[in-house]
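The file structure.txt contains compact mmCIF, C-alpha atoms:
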# COMPACT_ATOMS: atom_id res chain seq x y z
CA MET A 1 32.91 16.09 -1.16
CA LYS A 2 36.13 17.16 -2.90
CA LYS A 3 38.01 14.16 -1.53
CA ILE A 4 35.28 11.76 -2.70
CA LEU A 5 35.03 13.32 -6.16
CA ASP A 6 38.81 13.44 -6.56
CA HIS A 7 39.12 9.73 -5.79
CA ALA A 8 36.20 8.40 -7.83
CA ASP A 9 37.15 5.17 -9.62
CA SER A 10 35.32 6.05 -12.82
CA GLN A 11 33.50 8.86 -14.59
CA ILE A 12 30.59 10.15 -12.51
CA GLU A 13 27.51 10.60 -14.70
CA CYS A 14 25.22 12.18 -12.08
CA LEU A 15 25.81 13.86 -8.74
CA LEU A 16 22.78 13.77 -6.44
CA LEU A 17 22.84 16.52 -3.83
CA CYS A 18 20.40 15.64 -1.10
CA THR A 19 19.72 15.65 2.62
CA ASN A 20 17.13 13.85 4.68
CA GLY A 21 14.78 16.60 3.64
CA SER A 22 15.47 19.41 1.21
CA PHE A 23 18.81 20.60 -0.15
CA PHE A 24 17.11 23.96 -0.73
CA ASP A 25 16.06 24.33 2.94
CA GLU A 26 18.33 26.98 4.48
CA SER A 27 18.00 25.44 7.94
CA GLN A 28 19.61 22.29 6.50
CA ILE A 29 22.00 23.82 3.94
CA PRO A 30 22.70 27.52 4.62
CA LEU A 31 23.00 29.73 1.53
CA MET A 32 26.81 30.11 1.79
CA LEU A 33 27.23 26.33 2.01
CA PHE A 34 24.75 25.82 -0.85
CA LYS A 35 26.84 28.14 -3.04
CA SER A 36 30.10 26.48 -1.99
CA ILE A 37 28.79 23.00 -2.80
CA ILE A 38 27.50 23.89 -6.25
CA THR A 39 30.68 25.87 -6.99
CA LEU A 40 32.73 22.79 -6.14
CA ALA A 41 30.43 20.58 -8.26
CA SER A 42 30.94 22.95 -11.22
CA LYS A 43 34.67 22.17 -11.25
CA TYR A 44 34.12 18.50 -12.11
CA ASN A 45 33.26 16.90 -15.43
CA ILE A 46 29.92 15.58 -14.17
CA PRO A 47 27.23 16.09 -16.83
CA THR A 48 24.16 15.91 -14.57
CA ILE A 49 23.55 17.47 -11.17
CA GLU A 50 20.38 16.49 -9.33
CA PHE A 51 18.96 18.23 -6.28
CA GLU A 52 16.51 16.86 -3.74
CA ALA A 53 14.11 19.63 -2.72
CA HIS A 54 10.80 20.30 -1.04
CA TYR A 55 8.54 22.28 -3.35
CA LEU A 56 8.11 25.09 -0.80
CA ASP A 57 11.89 25.60 -0.53
CA VAL A 58 12.53 26.20 -4.24
CA SER A 59 13.23 29.86 -4.96
CA SER A 60 14.26 32.02 -7.90
CA GLU A 61 17.34 33.05 -5.91
CA LYS A 62 18.64 29.48 -5.70
CA LEU A 63 17.60 28.59 -9.24
CA ASN A 64 19.45 31.69 -10.51
CA MET A 65 22.52 30.64 -8.55
CA ILE A 66 22.36 27.12 -10.01
CA GLN A 67 21.90 28.53 -13.52
CA GLU A 68 24.89 30.86 -13.16
CA ILE A 69 27.30 28.42 -11.52
CA LEU A 70 26.26 25.16 -13.16
CA CYS A 71 25.49 26.65 -16.57
CA ASP A 72 27.04 23.78 -18.53
CA LYS A 73 25.30 20.98 -16.55
CA HIS A 74 22.03 19.14 -17.02
CA ILE A 75 19.99 20.01 -13.91
CA LEU A 76 17.25 17.94 -12.31
CA ILE A 77 15.19 18.98 -9.30
CA GLU A 78 13.61 16.01 -7.49
CA MET A 79 10.60 16.65 -5.27
CA GLY A 80 8.30 14.42 -3.25
CA LEU A 81 4.75 14.28 -4.54
CA GLU A 82 3.66 10.79 -3.44
CA SER A 83 0.02 11.16 -4.59
CA VAL A 84 -2.14 13.79 -6.27
CA ASN A 85 -5.20 12.68 -4.32
CA PRO A 86 -5.76 15.35 -1.62
CA LEU A 87 -7.60 12.88 0.63
CA TYR A 88 -4.58 10.54 0.61
CA GLN A 89 -2.15 13.46 0.90
CA ASP A 90 -3.90 14.82 3.99
CA ASN A 91 -4.95 11.63 5.78
CA ILE A 92 -2.52 8.86 4.85
CA ILE A 93 0.76 10.53 3.94
CA MET A 94 0.07 13.67 6.00
CA LYS A 95 2.06 15.78 3.57
CA ASN A 96 -0.73 18.25 2.76
CA ILE A 97 0.69 19.34 -0.59
CA ASP A 98 -1.02 22.36 -2.11
CA LEU A 99 -1.21 21.13 -5.73
CA PRO A 100 -1.64 24.60 -7.32
CA ALA A 101 1.46 25.81 -5.41
CA TYR A 102 3.29 22.60 -6.37
CA GLU A 103 2.41 23.25 -10.03
CA GLN A 104 3.76 26.82 -9.72
CA THR A 105 7.04 25.40 -8.42
CA ILE A 106 7.21 22.96 -11.34
CA ASN A 107 6.60 25.85 -13.78
CA LEU A 108 9.26 27.99 -12.09
CA ILE A 109 11.86 25.21 -12.31
CA GLN A 110 11.00 24.51 -15.94
CA GLN A 111 11.29 28.22 -16.82
CA TYR A 112 14.99 27.88 -15.99
CA GLY A 113 15.28 24.97 -18.43
CA PHE A 114 15.71 22.45 -15.61
CA GLU A 115 13.96 19.10 -15.44
CA VAL A 116 11.61 18.10 -12.64
CA GLU A 117 11.49 14.61 -11.19
CA VAL A 118 8.64 13.69 -8.86
CA ASN A 119 8.63 10.87 -6.32
CA ILE A 120 5.45 8.79 -6.31
CA MET A 121 4.50 6.19 -3.71
CA VAL A 122 3.05 2.88 -4.83
CA GLY A 123 1.10 0.82 -2.30
CA LEU A 124 -0.31 3.37 0.13
CA PRO A 125 -1.62 1.82 3.35
CA PHE A 126 -5.37 1.73 4.08
CA LEU A 127 -6.18 1.27 0.39
CA ASN A 128 -7.03 -1.98 -1.31
CA HIS A 129 -4.78 -3.20 -4.13
CA LYS A 130 -6.99 -1.72 -6.87
CA GLU A 131 -7.08 1.69 -5.14
CA GLN A 132 -3.28 1.62 -4.68
CA ILE A 133 -2.69 0.97 -8.37
CA GLU A 134 -5.29 3.53 -9.48
CA ASP A 135 -3.76 6.19 -7.24
CA ALA A 136 -0.24 5.53 -8.52
CA HIS A 137 -1.53 5.51 -12.12
CA ASN A 138 -3.43 8.79 -11.68
CA THR A 139 -0.38 10.42 -10.09
CA ILE A 140 1.91 9.22 -12.89
CA ILE A 141 -0.51 10.58 -15.52
CA TRP A 142 -0.59 13.92 -13.65
CA ALA A 143 3.22 14.02 -13.53
CA PHE A 144 3.56 13.28 -17.25
CA ALA A 145 0.96 15.94 -18.04
CA HIS A 146 3.24 18.42 -16.24
CA GLN A 147 6.32 17.23 -18.20
CA CYS A 148 7.89 15.66 -15.11
CA LYS A 149 10.05 12.57 -14.85
CA VAL A 150 8.77 9.95 -12.43
CA VAL A 151 10.51 8.03 -9.66
CA LEU A 152 8.37 5.26 -8.17
CA PHE A 153 8.74 4.37 -4.50
CA PRO A 154 7.07 1.05 -3.72
CA ILE A 155 6.10 0.83 -0.05
CA ASN A 156 8.27 -1.70 1.76
CA ILE A 157 7.17 -3.71 4.77
CA LYS A 158 10.13 -3.64 7.14
CA PRO A 159 10.51 -5.30 10.55
CA TYR A 160 9.69 -3.22 13.62
CA THR A 161 7.50 -0.74 11.77
CA VAL A 162 3.83 0.19 12.03
CA LEU A 163 3.37 -1.16 8.50
CA MET A 164 4.71 -4.58 9.58
CA GLN A 165 2.24 -4.61 12.47
CA MET A 166 -0.58 -3.69 10.09
CA TYR A 167 0.52 -6.46 7.71
CA ARG A 168 0.57 -9.05 10.52
CA LYS A 169 -2.95 -8.06 11.55
CA GLY A 170 -4.25 -8.24 7.98
CA LEU A 171 -4.70 -4.48 7.70
CA TYR A 172 -2.18 -4.08 4.88

Any chance you could put this one into structure tokens?
Amino acid sequence: MKKILDHADSQIECLLLCTNGSFFDESQIPLMLFKSIITLASKYNIPTIEFEAHYLDVSSEKLNMIQEILCDKHILIEMGLESVNPLYQDNIIMKNIDLPAYEQTINLIQQYGFEVEVNIMVGLPFLNHKEQIEDAHNTIIWAFAHQCKVVLFPINIKPYTVLMQMYRKGLY
């Protein structure tokens, strides 16, 4: 990370710290490594630091650490939400997000003065076009009502995937 940041060609406006899961998950980023990474990030003139996190991994301990070490940075915490419809959450996405617990995590993050960004899927399989748009719209409205920024993730049909097979058979 130091080598990359030291050799950046131009000013870095935002550093996104992410994994293929949750930067806050201690089985992916142990606490000592977490602290080392944010300490290193604090030494650079990067105005915004963004973290990818799962809502169940966010803790006061880590938020305190971020607040102490990155006190002069704009902080964003990005979390997957996908949809606020529990039926779609449980049966299509299989993420089973507990919305009241998710809201508590949003509130906790915002109490530290950090911004929350939520990822929303557009084009869920098994829904018709109207249902897909309504679901994305409802989820965006929910996110804005909770003072969250929104990142839209349109579903892509890629070769050699179940979604491509569904598309070929007229199911998507």

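Using only C-alpha atoms, the protein and nucleic acid residues lying no more than 10 Å from Phe23 of chain A, apart from those fewer than 4 places from it along its own chain, are Leu17, Cys18, Thr19, Ser27, Gln28, Ile29, Pro30, Phe34, Phe51, Glu52, Ala53, His54, Asp57, Val58 and Ile77 of chain A.
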
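The list of residues with at least one atom within 9 Å of segment 90-96 of chain A, based on only C-alpha atoms and without residues fewer than 4 positions apart in the same chain, reads Leu81, Glu82, Ser83, Asn85, Pro86, Leu124, Pro125 and Phe126 of chain A.
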
Keeping only C-alpha atoms, write the selected residues as a PDB file, keeping the file's coordinate frame.
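What ended up in out_16.pdb:
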ATOM      1  CA  LEU A  81       4.750  14.280  -4.540  1.00  0.00           C
ATOM      2  CA  GLU A  82       3.660  10.790  -3.440  1.00  0.00           C
ATOM      3  CA  SER A  83       0.020  11.160  -4.590  1.00  0.00           C
ATOM      4  CA  ASN A  85      -5.200  12.680  -4.320  1.00  0.00           C
ATOM      5  CA  PRO A  86      -5.760  15.350  -1.620  1.00  0.00           C
ATOM      6  CA  LEU A 124      -0.310   3.370   0.130  1.00  0.00           C
ATOM      7  CA  PRO A 125      -1.620   1.820   3.350  1.00  0.00           C
ATOM      8  CA  PHE A 126      -5.370   1.730   4.080  1.00  0.00           C
TER       9      PHE A 126
END

Box for segment 78-88 of chain A: with edges along x, y and z, all listed atoms inside and 5 Å added on each side, what are the centre and edge lengths in Å to one decimal, as AutoDock Vina command-line options?
--center_x 3.0 --center_y 13.6 --center_z -3.4 --size_x 31.2 --size_y 16.1 --size_z 18.1

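With all atoms listed in the file taken into account, the protein and nucleic acid residues at most 12 Å from Lys43 of chain A (excluding it and anything under 3 positions from it in its own chain) are Met1, Lys2, Leu5, Asp6, Ser36, Ile37, Ile38, Thr39, Leu40, Ile46, Pro47, Ile69, Leu70, Cys71, Asp72 and Lys73 of chain A.
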
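Note that atom CA of Cys14 of chain A and atom CA of Leu33 of chain A are 20.1 Å apart.
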